[in-house]
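Structure record follows, encoded as structure tokens.
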Amino acid sequence: MKRLLLLLIAVLGLTGCSSHKIFEEYDISYSRSGGLAPIYENMLIKGQTVHYFYEGHGKKYNKKSTLSQKEKTALYQAIESNKLSTIREDYKKVYDHITTTVKVRTPREDIYKNDGSFIMPQDQKRWENIVGAFEALVEEKNLRTP
């Protein structure tokens, strides 16, 4: 009986771990979360595949789509031309607003930026250009509708 129970726990543990694998393997991540009426929005891109997850305002759904090479190139172009890695975050903490996060994994480095503490004023326009490229992709792929 004890062996059966241990086996059941092991199987549940392994299946629980593999269900989160999609969140570990991605090239680019765009997410928004928080606010007074919290929302959780994630877009993960791996290769030509886009996984989109949304939860908030009584809705919960996910979608899967594909990117054309042109769309992916445009996204990388926005990230590179606006120099995501050099954007500076402010150190003042801000609470109760929606925070946007962008993560890019490359063979050379991982870049992570978010506006949870706002972005320095001189870098704000470049940040808006990058976030705008992600927002345009979400709209173009019609990902926000269940």
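Letters A, B, ... go to the chains of the structure tokens in the order shown; residues in each chain start at 1; ligands are counted from 1 in the same order.
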### strand (DSSP E) call set, DSSP backbone run, range 42-118 of chain A, as a ChimeraX atom specification
/A:42-46,49-56,59-66,98-105,110-114
### Message
Residues of chain A classed as alpha helix (DSSP H) by DSSP on the backbone are to be reported as a PyMOL selection string.
### Response
chain A and resi 2-18+69-81+124-140
#### Entry: Gap from CA of Lys60 in chain A to CA of Tyr95 in chain A - Å, one decimal
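If I compute the distance from CA of Lys60 in chain A to CA of Tyr95 in chain A, I get 23.6 Å.
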#### Entry: Who sits within 12 Å of Ile130 in chain A, only C-alpha atoms, same chain under 6 positions skipped, as a ChimeraX atom specification
/A:30,74-85,87,100-104,113-114,123-124,136-137
### Task
Check the smallest atom-to-atom distance from each of A:Arg126, A:Arg144, A:Lys64, A:Arg88 to Tyr40 in chain A using only C-alpha atoms, then report the winner.
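Among A:Arg126, A:Arg144, A:Lys64, A:Arg88, it is A:Arg144 that comes nearest to Tyr40 in chain A.
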### Query
What is the CA of Leu143 in chain A-CA of Trp127 in chain A distance in Å, reported with one decimal?
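Interatomic distance, CA of Leu143 in chain A to CA of Trp127 in chain A: 21.6 Å.
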### Query
Do you know which residues are at most 7 Å from range 53-59 of chain A counting only C-alpha atoms, after dropping those on the same chain fewer than 4 positions away, and could you put them as a list in words?
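After dropping sequence-adjacent residues, the list is Pro38, Ile39, Tyr40, Glu41, Asn42, Met43 and Lys63 of chain A.
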Could those residues be written to a file, using all heavy atoms, as a JSON list (two decimals), in the first residue's frame?
```json
[["chain", "number", "residue", "atom", "x", "y", "z"],
["A", 38, "PRO", "N", -6.73, 42.89, -10.98],
["A", 38, "PRO", "CA", -5.57, 42.24, -11.59],
["A", 38, "PRO", "C", -5.87, 41.48, -12.89],
["A", 38, "PRO", "O", -6.89, 40.84, -13.02],
["A", 38, "PRO", "CB", -5.10, 41.28, -10.52],
["A", 38, "PRO", "CG", -5.66, 41.78, -9.25],
["A", 38, "PRO", "CD", -6.94, 42.46, -9.60],
["A", 39, "ILE", "N", -4.91, 41.62, -13.81],
["A", 39, "ILE", "CA", -4.90, 40.82, -15.02],
["A", 39, "ILE", "C", -3.56, 40.12, -15.11],
["A", 39, "ILE", "O", -2.57, 40.58, -14.52],
["A", 39, "ILE", "CB", -5.14, 41.66, -16.29],
["A", 39, "ILE", "CG1", -3.97, 42.63, -16.51],
["A", 39, "ILE", "CG2", -6.46, 42.36, -16.27],
["A", 39, "ILE", "CD1", -3.79, 43.02, -17.95],
["A", 40, "TYR", "N", -3.52, 39.02, -15.84],
["A", 40, "TYR", "CA", -2.30, 38.28, -16.09],
["A", 40, "TYR", "C", -2.30, 37.92, -17.56],
["A", 40, "TYR", "O", -3.16, 37.17, -18.02],
["A", 40, "TYR", "CB", -2.23, 37.03, -15.21],
["A", 40, "TYR", "CG", -2.37, 37.37, -13.75],
["A", 40, "TYR", "CD1", -3.61, 37.31, -13.13],
["A", 40, "TYR", "CD2", -1.27, 37.82, -13.03],
["A", 40, "TYR", "CE1", -3.76, 37.67, -11.79],
["A", 40, "TYR", "CE2", -1.42, 38.18, -11.69],
["A", 40, "TYR", "CZ", -2.65, 38.10, -11.09],
["A", 40, "TYR", "OH", -2.79, 38.46, -9.78],
["A", 41, "GLU", "N", -1.37, 38.49, -18.31],
["A", 41, "GLU", "CA", -1.30, 38.28, -19.74],
["A", 41, "GLU", "C", 0.14, 37.89, -20.08],
["A", 41, "GLU", "O", 1.07, 38.59, -19.70],
["A", 41, "GLU", "CB", -1.68, 39.58, -20.46],
["A", 41, "GLU", "CG", -1.56, 39.54, -21.94],
["A", 41, "GLU", "CD", -1.94, 40.87, -22.58],
["A", 41, "GLU", "OE1", -1.87, 41.93, -21.92],
["A", 41, "GLU", "OE2", -2.28, 40.84, -23.76],
["A", 42, "ASN", "N", 0.32, 36.78, -20.77],
["A", 42, "ASN", "CA", 1.65, 36.32, -21.15],
["A", 42, "ASN", "C", 1.66, 35.92, -22.61],
["A", 42, "ASN", "O", 0.75, 35.24, -23.06],
["A", 42, "ASN", "CB", 2.07, 35.10, -20.32],
["A", 42, "ASN", "CG", 2.28, 35.43, -18.88],
["A", 42, "ASN", "OD1", 3.13, 36.24, -18.55],
["A", 42, "ASN", "ND2", 1.50, 34.82, -18.01],
["A", 43, "MET", "N", 2.68, 36.33, -23.32],
["A", 43, "MET", "CA", 2.90, 35.89, -24.69],
["A", 43, "MET", "C", 4.32, 35.34, -24.76],
["A", 43, "MET", "O", 5.28, 36.07, -24.51],
["A", 43, "MET", "CB", 2.72, 37.03, -25.68],
["A", 43, "MET", "CG", 2.92, 36.59, -27.11],
["A", 43, "MET", "SD", 2.49, 37.83, -28.37],
["A", 43, "MET", "CE", 3.56, 39.17, -27.95],
["A", 63, "LYS", "N", -4.27, 30.81, -26.25],
["A", 63, "LYS", "CA", -4.28, 30.62, -27.69],
["A", 63, "LYS", "C", -2.88, 30.25, -28.15],
["A", 63, "LYS", "O", -1.89, 30.58, -27.51],
["A", 63, "LYS", "CB", -4.69, 31.91, -28.41],
["A", 63, "LYS", "CG", -6.14, 32.23, -28.36],
["A", 63, "LYS", "CD", -6.42, 33.42, -29.26],
["A", 63, "LYS", "CE", -7.91, 33.60, -29.45],
["A", 63, "LYS", "NZ", -8.19, 34.70, -30.39]]
```
### Task
May I have the residues within 9 Å of Lys141 in chain A as a VMD selection string, using only C-alpha atoms and disregarding those fewer than 5 positions away in the same chain?
chain A and resid 65 to 67 136
### Query
Near Gly34 in chain A, counting only C-alpha atoms, which residues have an atom at most 8 Å away, once you skip same-chain residues fewer than 2 positions from it, shown as an NGL selection string?
:A and (32 or 36-40 or 96-99)
Next, dump the selected residues to file, keeping only all heavy atoms, as a PDB file, in the first residue's frame.
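Written file, result_38.pdb:
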```
ATOM      1  N   ARG A  32       2.110  41.197 -19.096  1.00  0.00           N
ATOM      2  CA  ARG A  32       1.512  42.313 -18.363  1.00  0.00           C
ATOM      3  C   ARG A  32       0.778  41.696 -17.182  1.00  0.00           C
ATOM      4  O   ARG A  32       0.059  40.719 -17.339  1.00  0.00           O
ATOM      5  CB  ARG A  32       0.534  43.080 -19.246  1.00  0.00           C
ATOM      6  CG  ARG A  32       1.189  43.763 -20.416  1.00  0.00           C
ATOM      7  CD  ARG A  32       0.207  44.406 -21.377  1.00  0.00           C
ATOM      8  NE  ARG A  32      -0.612  45.387 -20.708  1.00  0.00           N
ATOM      9  CZ  ARG A  32      -1.956  45.400 -20.742  1.00  0.00           C
ATOM     10  NH1 ARG A  32      -2.621  44.487 -21.405  1.00  0.00           N
ATOM     11  NH2 ARG A  32      -2.625  46.322 -20.112  1.00  0.00           N
ATOM     12  N   LEU A  36      -5.353  47.271 -10.115  1.00  0.00           N
ATOM     13  CA  LEU A  36      -6.355  47.221  -9.046  1.00  0.00           C
ATOM     14  C   LEU A  36      -7.325  46.064  -9.256  1.00  0.00           C
ATOM     15  O   LEU A  36      -7.765  45.431  -8.304  1.00  0.00           O
ATOM     16  CB  LEU A  36      -7.108  48.551  -8.976  1.00  0.00           C
ATOM     17  CG  LEU A  36      -6.264  49.739  -8.513  1.00  0.00           C
ATOM     18  CD1 LEU A  36      -7.044  51.031  -8.627  1.00  0.00           C
ATOM     19  CD2 LEU A  36      -5.765  49.543  -7.099  1.00  0.00           C
ATOM     20  N   ALA A  37      -7.707  45.803 -10.506  1.00  0.00           N
ATOM     21  CA  ALA A  37      -8.476  44.609 -10.864  1.00  0.00           C
ATOM     22  C   ALA A  37      -7.498  43.751 -11.655  1.00  0.00           C
ATOM     23  O   ALA A  37      -7.379  43.890 -12.869  1.00  0.00           O
ATOM     24  CB  ALA A  37      -9.694  44.968 -11.704  1.00  0.00           C
ATOM     25  N   PRO A  38      -6.729  42.895 -10.978  1.00  0.00           N
ATOM     26  CA  PRO A  38      -5.570  42.245 -11.591  1.00  0.00           C
ATOM     27  C   PRO A  38      -5.868  41.484 -12.885  1.00  0.00           C
ATOM     28  O   PRO A  38      -6.894  40.835 -13.021  1.00  0.00           O
ATOM     29  CB  PRO A  38      -5.097  41.279 -10.515  1.00  0.00           C
ATOM     30  CG  PRO A  38      -5.657  41.776  -9.253  1.00  0.00           C
ATOM     31  CD  PRO A  38      -6.942  42.463  -9.604  1.00  0.00           C
ATOM     32  N   ILE A  39      -4.909  41.618 -13.805  1.00  0.00           N
ATOM     33  CA  ILE A  39      -4.905  40.818 -15.017  1.00  0.00           C
ATOM     34  C   ILE A  39      -3.556  40.123 -15.108  1.00  0.00           C
ATOM     35  O   ILE A  39      -2.571  40.575 -14.517  1.00  0.00           O
ATOM     36  CB  ILE A  39      -5.139  41.659 -16.291  1.00  0.00           C
ATOM     37  CG1 ILE A  39      -3.974  42.625 -16.508  1.00  0.00           C
ATOM     38  CG2 ILE A  39      -6.459  42.363 -16.274  1.00  0.00           C
ATOM     39  CD1 ILE A  39      -3.794  43.022 -17.947  1.00  0.00           C
ATOM     40  N   TYR A  40      -3.521  39.023 -15.835  1.00  0.00           N
ATOM     41  CA  TYR A  40      -2.296  38.280 -16.088  1.00  0.00           C
ATOM     42  C   TYR A  40      -2.301  37.919 -17.557  1.00  0.00           C
ATOM     43  O   TYR A  40      -3.162  37.169 -18.018  1.00  0.00           O
ATOM     44  CB  TYR A  40      -2.227  37.029 -15.208  1.00  0.00           C
ATOM     45  CG  TYR A  40      -2.374  37.373 -13.755  1.00  0.00           C
ATOM     46  CD1 TYR A  40      -3.610  37.311 -13.129  1.00  0.00           C
ATOM     47  CD2 TYR A  40      -1.274  37.819 -13.028  1.00  0.00           C
ATOM     48  CE1 TYR A  40      -3.756  37.670 -11.793  1.00  0.00           C
ATOM     49  CE2 TYR A  40      -1.418  38.180 -11.694  1.00  0.00           C
ATOM     50  CZ  TYR A  40      -2.655  38.097 -11.092  1.00  0.00           C
ATOM     51  OH  TYR A  40      -2.794  38.455  -9.783  1.00  0.00           O
ATOM     52  N   ASP A  96       0.078  48.810  -7.563  1.00  0.00           N
ATOM     53  CA  ASP A  96      -1.302  48.887  -8.059  1.00  0.00           C
ATOM     54  C   ASP A  96      -1.429  49.437  -9.469  1.00  0.00           C
ATOM     55  O   ASP A  96      -2.376  50.128  -9.786  1.00  0.00           O
ATOM     56  CB  ASP A  96      -2.192  49.693  -7.105  1.00  0.00           C
ATOM     57  CG  ASP A  96      -2.362  49.003  -5.773  1.00  0.00           C
ATOM     58  OD1 ASP A  96      -2.230  47.767  -5.740  1.00  0.00           O
ATOM     59  OD2 ASP A  96      -2.624  49.681  -4.779  1.00  0.00           O
ATOM     60  N   HIS A  97      -0.462  49.171 -10.303  1.00  0.00           N
ATOM     61  CA  HIS A  97      -0.630  49.465 -11.722  1.00  0.00           C
ATOM     62  C   HIS A  97      -0.163  48.252 -12.517  1.00  0.00           C
ATOM     63  O   HIS A  97       0.507  47.375 -11.994  1.00  0.00           O
ATOM     64  CB  HIS A  97       0.103  50.746 -12.136  1.00  0.00           C
ATOM     65  CG  HIS A  97       1.562  50.587 -12.414  1.00  0.00           C
ATOM     66  ND1 HIS A  97       2.497  50.461 -11.430  1.00  0.00           N
ATOM     67  CD2 HIS A  97       2.231  50.524 -13.586  1.00  0.00           C
ATOM     68  CE1 HIS A  97       3.689  50.330 -11.986  1.00  0.00           C
ATOM     69  NE2 HIS A  97       3.559  50.357 -13.289  1.00  0.00           N
ATOM     70  N   ILE A  98      -0.554  48.189 -13.747  1.00  0.00           N
ATOM     71  CA  ILE A  98      -0.190  47.044 -14.580  1.00  0.00           C
ATOM     72  C   ILE A  98       1.265  47.184 -15.006  1.00  0.00           C
ATOM     73  O   ILE A  98       1.669  48.201 -15.563  1.00  0.00           O
ATOM     74  CB  ILE A  98      -1.116  46.942 -15.798  1.00  0.00           C
ATOM     75  CG1 ILE A  98      -2.553  46.669 -15.334  1.00  0.00           C
ATOM     76  CG2 ILE A  98      -0.643  45.855 -16.748  1.00  0.00           C
ATOM     77  CD1 ILE A  98      -3.573  46.666 -16.431  1.00  0.00           C
ATOM     78  N   THR A  99       2.047  46.167 -14.713  1.00  0.00           N
ATOM     79  CA  THR A  99       3.464  46.146 -15.040  1.00  0.00           C
ATOM     80  C   THR A  99       3.684  45.355 -16.320  1.00  0.00           C
ATOM     81  O   THR A  99       3.157  44.254 -16.469  1.00  0.00           O
ATOM     82  CB  THR A  99       4.257  45.499 -13.889  1.00  0.00           C
ATOM     83  OG1 THR A  99       4.053  46.268 -12.708  1.00  0.00           O
ATOM     84  CG2 THR A  99       5.734  45.436 -14.206  1.00  0.00           C
TER      85      THR A  99
END
```
### Task
Work out how far CA of Ala133 in chain A is from CA of Ile111 in chain A, in Å to one decimal.
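Straight-line distance from CA of Ile111 in chain A to CA of Ala133 in chain A works out to 16.6 Å.
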